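Undergrad: data10.csv is reproduced below (CSV, C-alpha atoms).
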```
chain,number,residue,atom,x,y,z
J,1153,MET,CA,-19.2,-54.3,-13.4
J,1154,VAL,CA,-21.1,-55.9,-16.3
J,1155,PRO,CA,-24.9,-56.3,-16.1
J,1156,PHE,CA,-26.2,-59.8,-16.3
J,1157,SER,CA,-29.6,-61.5,-16.0
J,1158,PHE,CA,-30.1,-64.8,-14.3
J,1159,ALA,CA,-33.3,-66.5,-13.2
J,1160,GLY,CA,-35.3,-63.3,-13.8
J,1161,ARG,CA,-33.1,-61.3,-11.5
J,1162,GLN,CA,-30.6,-58.6,-12.4
J,1163,PHE,CA,-26.9,-59.0,-11.3
J,1164,ALA,CA,-23.6,-57.6,-12.3
J,1165,VAL,CA,-20.5,-59.7,-12.8
J,1166,LEU,CA,-17.0,-58.4,-11.9
J,1167,PRO,CA,-13.8,-59.3,-13.6
J,1168,GLU,CA,-12.4,-60.3,-10.2
J,1169,GLY,CA,-14.8,-63.2,-10.2
J,1170,ALA,CA,-17.5,-61.8,-7.9
J,1171,LEU,CA,-21.2,-61.4,-8.4
J,1172,PHE,CA,-23.2,-58.3,-7.3
J,1173,TRP,CA,-26.9,-58.3,-6.7
J,1174,PRO,CA,-28.0,-54.6,-6.8
J,1175,ALA,CA,-31.6,-55.3,-5.5
J,1176,ARG,CA,-30.2,-56.6,-2.3
J,1177,ARG,CA,-26.9,-54.8,-2.3
J,1178,ALA,CA,-25.4,-58.3,-2.0
J,1179,LEU,CA,-21.9,-59.3,-2.9
J,1180,ILE,CA,-21.4,-63.0,-3.6
J,1181,VAL,CA,-18.0,-64.8,-3.9
J,1182,ALA,CA,-16.9,-68.4,-3.9
J,1183,ASP,CA,-13.8,-70.5,-3.0
J,1184,LEU,CA,-11.6,-68.0,-1.2
J,1185,HIS,CA,-9.4,-70.8,0.2
J,1186,PHE,CA,-7.8,-68.6,2.9
J,1187,GLU,CA,-4.6,-70.1,4.3
J,1188,LYS,CA,-4.1,-72.7,1.6
J,1189,ALA,CA,-0.4,-72.1,1.5
J,1190,SER,CA,0.0,-72.6,5.3
J,1191,TRP,CA,-2.0,-75.8,5.1
J,1192,PHE,CA,0.5,-77.1,2.5
J,1193,ALA,CA,3.4,-75.9,4.6
J,1194,GLY,CA,2.1,-78.1,7.4
J,1195,PHE,CA,2.7,-81.1,5.2
J,1196,GLY,CA,6.2,-80.0,4.1
J,1197,GLN,CA,5.3,-78.3,0.8
J,1198,MET,CA,6.5,-74.7,1.2
J,1199,LEU,CA,4.6,-72.1,-0.8
J,1200,PRO,CA,4.9,-68.3,-0.6
J,1201,PRO,CA,2.7,-67.4,2.4
J,1202,TYR,CA,1.0,-64.4,0.8
J,1203,ASP,CA,-2.2,-65.9,-0.6
J,1204,SER,CA,-4.5,-64.8,2.1
J,1205,ALA,CA,-3.2,-61.2,2.1
J,1206,ALA,CA,-3.6,-61.1,-1.7
J,1207,THR,CA,-7.2,-62.5,-1.6
J,1208,LEU,CA,-8.1,-60.0,1.2
J,1209,ALA,CA,-6.8,-57.1,-0.9
J,1210,VAL,CA,-9.0,-58.0,-3.8
J,1211,ILE,CA,-12.0,-58.5,-1.5
J,1212,GLU,CA,-11.4,-55.0,0.1
J,1213,ALA,CA,-11.2,-53.5,-3.4
J,1214,VAL,CA,-14.5,-55.1,-4.5
J,1215,VAL,CA,-16.2,-54.1,-1.3
J,1216,ALA,CA,-15.1,-50.5,-1.8
J,1217,ALA,CA,-16.4,-50.6,-5.4
J,1218,THR,CA,-19.8,-52.1,-4.7
J,1219,ASP,CA,-20.6,-50.9,-1.1
J,1220,PRO,CA,-22.6,-54.1,-0.3
J,1221,ALA,CA,-24.9,-54.5,2.7
J,1222,GLU,CA,-24.6,-58.3,2.5
J,1223,ILE,CA,-21.7,-60.6,1.7
J,1224,TRP,CA,-22.2,-64.3,0.9
J,1225,CYS,CA,-19.3,-66.7,0.6
J,1226,LEU,CA,-20.2,-69.9,-1.2
J,1227,GLY,CA,-18.0,-72.4,0.6
J,1228,ASP,CA,-14.3,-73.4,0.8
J,1229,SER,CA,-13.7,-69.9,2.2
J,1230,PHE,CA,-11.0,-71.4,4.4
J,1231,HIS,CA,-8.8,-74.2,3.1
J,1232,ASP,CA,-9.5,-76.2,6.2
J,1233,ARG,CA,-11.5,-75.7,9.4
J,1234,ARG,CA,-8.6,-74.0,11.2
J,1235,GLY,CA,-7.8,-71.5,8.5
J,1236,CYS,CA,-9.0,-68.4,10.4
J,1237,GLU,CA,-6.8,-69.4,13.4
J,1238,ARG,CA,-3.7,-69.6,11.1
J,1239,LEU,CA,-4.3,-66.2,9.5
J,1240,PRO,CA,-1.5,-63.7,10.5
J,1241,VAL,CA,-2.7,-61.1,13.0
J,1242,ALA,CA,-2.8,-58.3,10.4
J,1243,GLU,CA,-4.9,-60.3,7.9
J,1244,GLN,CA,-7.2,-61.6,10.7
J,1245,THR,CA,-7.8,-58.1,11.9
J,1246,ARG,CA,-8.7,-57.0,8.3
J,1247,LEU,CA,-11.0,-59.9,7.8
J,1248,ARG,CA,-12.8,-59.4,11.2
J,1249,ALA,CA,-13.3,-55.7,10.3
J,1250,LEU,CA,-15.0,-56.8,7.1
J,1251,THR,CA,-17.3,-59.4,8.7
J,1252,ALA,CA,-18.2,-56.9,11.5
J,1253,ALA,CA,-19.1,-54.2,9.0
J,1254,HIS,CA,-21.5,-56.3,6.8
J,1255,HIS,CA,-24.2,-59.0,7.1
J,1256,TRP,CA,-21.6,-61.7,6.3
J,1257,THR,CA,-22.5,-65.4,5.8
J,1258,TRP,CA,-20.1,-68.2,5.3
J,1259,ILE,CA,-21.7,-71.2,3.4
J,1260,VAL,CA,-19.7,-74.2,4.3
J,1261,GLY,CA,-17.9,-76.3,1.7
J,1262,ASN,CA,-16.1,-79.6,1.4
J,1263,HIS,CA,-12.8,-78.0,2.7
J,1264,ASP,CA,-14.4,-76.2,5.7
J,1265,PRO,CA,-17.5,-78.3,6.6
J,1266,ALA,CA,-17.0,-77.6,10.3
J,1267,ILE,CA,-15.5,-74.2,10.6
J,1268,GLY,CA,-14.0,-73.5,14.0
J,1269,ASP,CA,-13.3,-69.8,14.4
J,1270,SER,CA,-15.0,-68.2,11.4
J,1271,CYS,CA,-13.4,-64.8,11.9
J,1272,GLY,CA,-16.8,-63.3,12.5
J,1273,GLY,CA,-20.0,-63.5,10.4
J,1274,THR,CA,-22.5,-66.4,10.6
J,1275,VAL,CA,-22.1,-70.0,9.2
J,1276,ALA,CA,-24.8,-71.9,7.3
J,1277,ASP,CA,-24.9,-75.2,5.4
J,1278,GLU,CA,-26.8,-73.4,2.6
J,1279,ALA,CA,-29.4,-70.5,2.3
J,1280,VAL,CA,-32.4,-69.5,0.2
J,1281,ILE,CA,-32.7,-65.8,-0.5
J,1282,ASP,CA,-35.5,-64.3,-2.6
J,1283,GLY,CA,-36.0,-67.7,-4.2
J,1284,LEU,CA,-32.4,-68.4,-5.0
J,1285,VAL,CA,-30.5,-71.3,-3.4
J,1286,LEU,CA,-27.0,-70.5,-2.3
J,1287,ARG,CA,-24.8,-73.6,-1.7
J,1288,HIS,CA,-21.3,-74.8,-2.2
J,1289,GLU,CA,-21.7,-77.5,-4.9
J,1290,ALA,CA,-24.4,-77.5,-7.6
J,1291,ASP,CA,-27.1,-80.1,-7.2
J,1292,ARG,CA,-28.4,-81.2,-10.6
J,1293,ARG,CA,-31.4,-82.8,-9.0
J,1294,ASP,CA,-32.6,-79.5,-7.5
J,1295,PRO,CA,-34.8,-77.6,-10.1
J,1296,ARG,CA,-34.6,-74.3,-8.1
J,1297,PRO,CA,-32.4,-71.5,-9.4
J,1298,GLU,CA,-29.1,-71.9,-7.7
J,1299,LEU,CA,-25.8,-70.1,-7.1
J,1300,SER,CA,-22.7,-72.2,-6.2
J,1301,GLY,CA,-19.0,-72.5,-6.4
J,1302,HIS,CA,-16.7,-75.6,-5.8
J,1303,PHE,CA,-15.5,-76.4,-9.3
J,1304,HIS,CA,-13.3,-73.3,-9.9
J,1305,PRO,CA,-14.4,-73.2,-13.6
J,1306,LYS,CA,-11.9,-72.0,-16.2
J,1307,LEU,CA,-12.2,-71.4,-19.9
J,1308,ARG,CA,-9.3,-72.5,-22.0
J,1309,VAL,CA,-9.0,-71.2,-25.6
J,1310,ARG,CA,-6.3,-71.1,-28.1
J,1311,VAL,CA,-5.4,-67.6,-29.3
J,1312,ARG,CA,-2.8,-67.1,-32.0
J,1313,GLY,CA,-1.4,-70.5,-31.3
J,1314,ARG,CA,-1.2,-69.9,-27.5
J,1315,LEU,CA,-3.4,-71.6,-24.9
J,1316,VAL,CA,-5.0,-68.9,-22.7
J,1317,ALA,CA,-6.9,-69.8,-19.5
J,1318,ARG,CA,-9.4,-67.4,-17.9
J,1319,ARG,CA,-11.6,-68.1,-14.8
J,1320,CYS,CA,-15.2,-67.9,-15.7
J,1321,PHE,CA,-18.8,-68.2,-14.6
J,1322,VAL,CA,-20.8,-71.2,-15.8
J,1323,ALA,CA,-24.5,-70.4,-16.5
J,1324,THR,CA,-27.5,-72.5,-17.4
J,1325,GLU,CA,-31.2,-71.5,-17.1
J,1326,SER,CA,-31.2,-72.6,-13.4
J,1327,LYS,CA,-27.5,-72.9,-12.4
J,1328,LEU,CA,-24.8,-70.3,-12.0
J,1329,ILE,CA,-21.4,-71.5,-10.9
J,1330,LEU,CA,-19.0,-68.8,-9.7
J,1331,PRO,CA,-15.3,-69.0,-10.3
J,1332,ALA,CA,-12.8,-69.3,-7.5
J,1333,PHE,CA,-12.1,-65.9,-6.0
J,1334,GLY,CA,-9.0,-66.9,-4.0
J,1335,ALA,CA,-5.5,-66.0,-5.1
J,1336,LEU,CA,-4.1,-69.5,-4.8
J,1337,THR,CA,-6.6,-71.7,-6.6
J,1338,GLY,CA,-6.4,-73.9,-9.7
J,1339,GLY,CA,-9.4,-74.6,-11.8
J,1340,LEU,CA,-11.3,-77.2,-13.9
J,1341,ASP,CA,-11.8,-76.8,-17.6
J,1342,ILE,CA,-15.5,-76.0,-18.4
J,1343,HIS,CA,-15.7,-79.3,-20.3
J,1344,HIS,CA,-14.5,-81.4,-17.4
J,1345,PRO,CA,-16.8,-84.4,-16.7
J,1346,GLU,CA,-17.6,-83.1,-13.1
J,1347,ILE,CA,-18.8,-79.8,-14.4
J,1348,VAL,CA,-20.8,-81.5,-17.2
J,1349,ARG,CA,-22.3,-83.9,-14.7
J,1350,ALA,CA,-23.4,-80.9,-12.5
J,1351,VAL,CA,-24.9,-78.6,-15.1
J,1352,GLY,CA,-25.1,-80.5,-18.4
J,1353,ARG,CA,-23.9,-79.1,-21.8
J,1354,SER,CA,-26.7,-76.6,-22.4
J,1355,GLY,CA,-25.2,-73.6,-20.8
J,1356,GLU,CA,-22.4,-71.2,-21.4
J,1357,ALA,CA,-19.1,-69.9,-20.0
J,1358,LEU,CA,-19.1,-66.2,-19.1
J,1359,VAL,CA,-15.9,-64.2,-19.0
J,1360,PRO,CA,-16.3,-60.7,-17.7
J,1361,ILE,CA,-13.8,-58.1,-18.8
J,1362,ALA,CA,-13.8,-54.4,-18.1
J,1363,ASP,CA,-16.9,-53.3,-20.0
J,1364,ARG,CA,-18.5,-56.5,-21.5
J,1365,LEU,CA,-19.3,-60.1,-21.0
J,1366,LEU,CA,-17.8,-62.7,-23.3
J,1367,ARG,CA,-20.0,-65.8,-23.8
J,1368,PHE,CA,-18.9,-69.2,-24.9
J,1369,PRO,CA,-21.4,-72.1,-25.4
J,1370,LEU,CA,-20.4,-75.2,-23.3
J,1371,ALA,CA,-21.3,-77.4,-26.2
J,1372,ALA,CA,-18.8,-75.8,-28.5
```
What does this structure look like when you write it as structure tokens?
TA:
Amino acid sequence: MVPFSFAGRQFAVLPEGALFWPARRALIVADLHFEKASWFAGFGQMLPPYDSAATLAVIEAVVAATDPAEIWCLGDSFHDRRGCERLPVAEQTRLRALTAAHHWTWIVGNHDPAIGDSCGGTVADEAVIDGLVLRHEADRRDPRPELSGHFHPKLRVRVRGRLVARRCFVATESKLILPAFGALTGGLDIHHPEIVRAVGRSGEALVPIADRLLRFPLAA
């Protein structure tokens, strides 16, 4: 975990793409997209059906490392409203064990705006905790400090002639966009017009590695 300050509060960012808030013992993730592969399979596009198990394994590892009291998921946790129902029995059991053991909140997103069975936990459109707004998609019109997901931001840089892509956080003075946490998720380049429209060009991309945080100005 790498210490990080946002909106006057101390956090830690994890290389897996999660955010930890020590003062609240809160773990925050975005865009898990459980059962994305099975959703595509329903339309005839067959993908390896292991995305949910892989995502769960990383969540379990991060939970073990941070010992959170609260877990907040910032939308698109399921690829559609019936994602929990399609989880294999073993994965559904693991997820329900996690939601039962923590104060777990699912913020709804554009993929899961009306979650059916949420595999435990509570469901909310958005939340405000200790002055921070937690929602799925950044709202540029809202001046309050905000944590969100939705865009799956990725930093793409050329290293020794090779294009390298890393998921990243996008931070401004009042906005912090988390990367997608799910195993089967793509991503938007940090310079994509949708990200620029949401946060402007005054921020920076943050790439956590084992012991430090790499910072790249969005305007660069």
Undergrad: Of the candidates J:Leu1330, J:Cys1225, J:Leu1307, J:Val1359, which one gets nearest to Thr1274 of chain J if we count only C-alpha atoms?
TA: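 Of all the options, J:Cys1225 lies closest to Thr1274 of chain J.
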Undergrad: Mind giving me the straight-line distance from atom CA of Glu1278 of chain J to atom CA of Trp1258 of chain J in Å, one decimal?
TA: 8.9 Å
Undergrad: Can you tell me which residues surround Ser1270 of chain J at a distance of at most 9 Å, considering all atoms listed in the file, apart from same-chain residues fewer than 6 positions away, and format the answer as a list in words?
TA: Phe1230, Arg1233, Arg1234, Gly1235, Cys1236, Glu1237 and Trp1258 of chain J
Undergrad: Write a file of the selected residues as a PDB file, in the frame of the given file, keeping C-alpha atoms.
TA:
```pdb
ATOM      1  CA  PHE J1230     -11.000 -71.400   4.400  1.00  0.00           C
ATOM      2  CA  ARG J1233     -11.500 -75.700   9.400  1.00  0.00           C
ATOM      3  CA  ARG J1234      -8.600 -74.000  11.200  1.00  0.00           C
ATOM      4  CA  GLY J1235      -7.800 -71.500   8.500  1.00  0.00           C
ATOM      5  CA  CYS J1236      -9.000 -68.400  10.400  1.00  0.00           C
ATOM      6  CA  GLU J1237      -6.800 -69.400  13.400  1.00  0.00           C
ATOM      7  CA  TRP J1258     -20.100 -68.200   5.300  1.00  0.00           C
TER       8      TRP J1258
END
```
Undergrad: Which segment 1255-1358 of chain J residues have any atom within 9 Å of an atom of segment 1160-1177 of chain J, and for each, what is the nearest pair of atoms with distance in Å to one decimal, counting all atoms listed in the file, rows sorted by chain and number, as a Markdown table?
TA:
```
| residue | atom | partner | partner_atom | distance |
| --- | --- | --- | --- | --- |
| J:Arg1319 | CA | J:Gly1169 | CA | 7.4 |
| J:Cys1320 | CA | J:Gly1169 | CA | 7.2 |
| J:Phe1321 | CA | J:Gly1169 | CA | 7.8 |
| J:Leu1330 | CA | J:Gly1169 | CA | 7.0 |
| J:Pro1331 | CA | J:Gly1169 | CA | 5.8 |
| J:Ala1332 | CA | J:Gly1169 | CA | 7.0 |
| J:Phe1333 | CA | J:Gly1169 | CA | 5.7 |
```
Undergrad: Quick one: of J:Ala1249, J:Val1285, J:Ala1357, J:Ala1189, who's nearest to Ala1206 of chain J, counting only C-alpha atoms?
TA: J:Ala1189
Undergrad: Using atom CA of Pro1369 of chain J and atom CA of Ser1354 of chain J as the two end points, give the distance in Å to one decimal.
TA: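 Pair atom CA of Pro1369 of chain J / atom CA of Ser1354 of chain J returns 7.6 Å.
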Undergrad: J:Pro1201, J:Thr1337, J:Ser1190, J:Leu1179: which is nearest Met1153 of chain J, counting only C-alpha atoms?
TA: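 Closest residue, counting only C-alpha atoms: J:Leu1179.
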Undergrad: Taking only C-alpha atoms, show segment 1285-1355 of chain J of the given structure as a PDB file, in the first residue's frame.
TA:
```pdb
ATOM      1  CA  VAL J1285     -19.398  11.623  -2.257  1.00  0.00           C
ATOM      2  CA  LEU J1286     -19.227   8.021  -3.438  1.00  0.00           C
ATOM      3  CA  ARG J1287     -20.906   7.464  -6.794  1.00  0.00           C
ATOM      4  CA  HIS J1288     -20.429   5.486  -9.969  1.00  0.00           C
ATOM      5  CA  GLU J1289     -19.756   8.210 -12.534  1.00  0.00           C
ATOM      6  CA  ALA J1290     -18.008  11.505 -11.847  1.00  0.00           C
ATOM      7  CA  ASP J1291     -20.242  14.571 -11.930  1.00  0.00           C
ATOM      8  CA  ARG J1292     -18.238  17.580 -13.048  1.00  0.00           C
ATOM      9  CA  ARG J1293     -21.025  19.914 -11.890  1.00  0.00           C
ATOM     10  CA  ASP J1294     -20.697  18.771  -8.274  1.00  0.00           C
ATOM     11  CA  PRO J1295     -17.982  20.724  -6.432  1.00  0.00           C
ATOM     12  CA  ARG J1296     -17.866  18.312  -3.495  1.00  0.00           C
ATOM     13  CA  PRO J1297     -14.899  15.909  -3.227  1.00  0.00           C
ATOM     14  CA  GLU J1298     -15.897  12.696  -4.933  1.00  0.00           C
ATOM     15  CA  LEU J1299     -14.802   9.089  -5.436  1.00  0.00           C
ATOM     16  CA  SER J1300     -16.071   7.300  -8.539  1.00  0.00           C
ATOM     17  CA  GLY J1301     -15.354   4.621 -11.138  1.00  0.00           C
ATOM     18  CA  HIS J1302     -17.071   3.972 -14.495  1.00  0.00           C
ATOM     19  CA  PHE J1303     -14.312   4.970 -16.928  1.00  0.00           C
ATOM     20  CA  HIS J1304     -11.784   2.164 -16.260  1.00  0.00           C
ATOM     21  CA  PRO J1305      -8.893   4.628 -16.733  1.00  0.00           C
ATOM     22  CA  LYS J1306      -5.642   3.367 -18.199  1.00  0.00           C
ATOM     23  CA  LEU J1307      -2.309   5.056 -18.736  1.00  0.00           C
ATOM     24  CA  ARG J1308      -0.576   4.194 -21.976  1.00  0.00           C
ATOM     25  CA  VAL J1309       3.099   5.107 -22.360  1.00  0.00           C
ATOM     26  CA  ARG J1310       5.797   4.066 -24.782  1.00  0.00           C
ATOM     27  CA  VAL J1311       8.759   2.388 -23.120  1.00  0.00           C
ATOM     28  CA  ARG J1312      11.759   1.439 -25.248  1.00  0.00           C
ATOM     29  CA  GLY J1313       9.629   1.505 -28.352  1.00  0.00           C
ATOM     30  CA  ARG J1314       6.882  -0.655 -26.855  1.00  0.00           C
ATOM     31  CA  LEU J1315       3.438   0.606 -25.829  1.00  0.00           C
ATOM     32  CA  VAL J1316       2.703  -0.302 -22.215  1.00  0.00           C
ATOM     33  CA  ALA J1317      -0.765   0.074 -20.641  1.00  0.00           C
ATOM     34  CA  ARG J1318      -1.392   0.209 -16.899  1.00  0.00           C
ATOM     35  CA  ARG J1319      -4.663   0.767 -15.095  1.00  0.00           C
ATOM     36  CA  CYS J1320      -4.482   3.901 -13.024  1.00  0.00           C
ATOM     37  CA  PHE J1321      -6.295   6.300 -10.736  1.00  0.00           C
ATOM     38  CA  VAL J1322      -7.186   9.747 -12.082  1.00  0.00           C
ATOM     39  CA  ALA J1323      -6.979  12.529  -9.502  1.00  0.00           C
ATOM     40  CA  THR J1324      -7.810  16.234  -9.442  1.00  0.00           C
ATOM     41  CA  GLU J1325      -8.327  18.484  -6.418  1.00  0.00           C
ATOM     42  CA  SER J1326     -11.916  17.287  -6.030  1.00  0.00           C
ATOM     43  CA  LYS J1327     -12.249  14.138  -8.160  1.00  0.00           C
ATOM     44  CA  LEU J1328     -10.706  10.716  -7.765  1.00  0.00           C
ATOM     45  CA  ILE J1329     -11.591   8.078 -10.361  1.00  0.00           C
ATOM     46  CA  LEU J1330     -10.680   4.521  -9.465  1.00  0.00           C
ATOM     47  CA  PRO J1331      -9.527   1.977 -12.041  1.00  0.00           C
ATOM     48  CA  ALA J1332     -11.610  -1.062 -12.871  1.00  0.00           C
ATOM     49  CA  PHE J1333     -10.941  -3.830 -10.363  1.00  0.00           C
ATOM     50  CA  GLY J1334     -12.507  -6.689 -12.312  1.00  0.00           C
ATOM     51  CA  ALA J1335     -10.432  -9.310 -14.102  1.00  0.00           C
ATOM     52  CA  LEU J1336     -12.310  -8.955 -17.401  1.00  0.00           C
ATOM     53  CA  THR J1337     -12.435  -5.215 -18.008  1.00  0.00           C
ATOM     54  CA  GLY J1338     -11.003  -3.000 -20.707  1.00  0.00           C
ATOM     55  CA  GLY J1339     -10.190   0.637 -20.174  1.00  0.00           C
ATOM     56  CA  LEU J1340     -10.213   4.171 -21.535  1.00  0.00           C
ATOM     57  CA  ASP J1341      -7.009   6.064 -22.135  1.00  0.00           C
ATOM     58  CA  ILE J1342      -6.645   8.926 -19.642  1.00  0.00           C
ATOM     59  CA  HIS J1343      -6.818  11.401 -22.529  1.00  0.00           C
ATOM     60  CA  HIS J1344     -10.113  10.031 -23.826  1.00  0.00           C
ATOM     61  CA  PRO J1345     -12.674  12.842 -24.343  1.00  0.00           C
ATOM     62  CA  GLU J1346     -15.093  11.261 -21.852  1.00  0.00           C
ATOM     63  CA  ILE J1347     -12.519  11.370 -19.058  1.00  0.00           C
ATOM     64  CA  VAL J1348     -11.449  14.889 -19.992  1.00  0.00           C
ATOM     65  CA  ARG J1349     -15.110  15.944 -20.005  1.00  0.00           C
ATOM     66  CA  ALA J1350     -15.568  14.495 -16.515  1.00  0.00           C
ATOM     67  CA  VAL J1351     -12.494  15.894 -14.769  1.00  0.00           C
ATOM     68  CA  GLY J1352     -10.761  18.346 -17.101  1.00  0.00           C
ATOM     69  CA  ARG J1353      -7.034  18.326 -17.844  1.00  0.00           C
ATOM     70  CA  SER J1354      -5.709  19.726 -14.581  1.00  0.00           C
ATOM     71  CA  GLY J1355      -5.217  16.428 -12.766  1.00  0.00           C
TER      72      GLY J1355
END
```
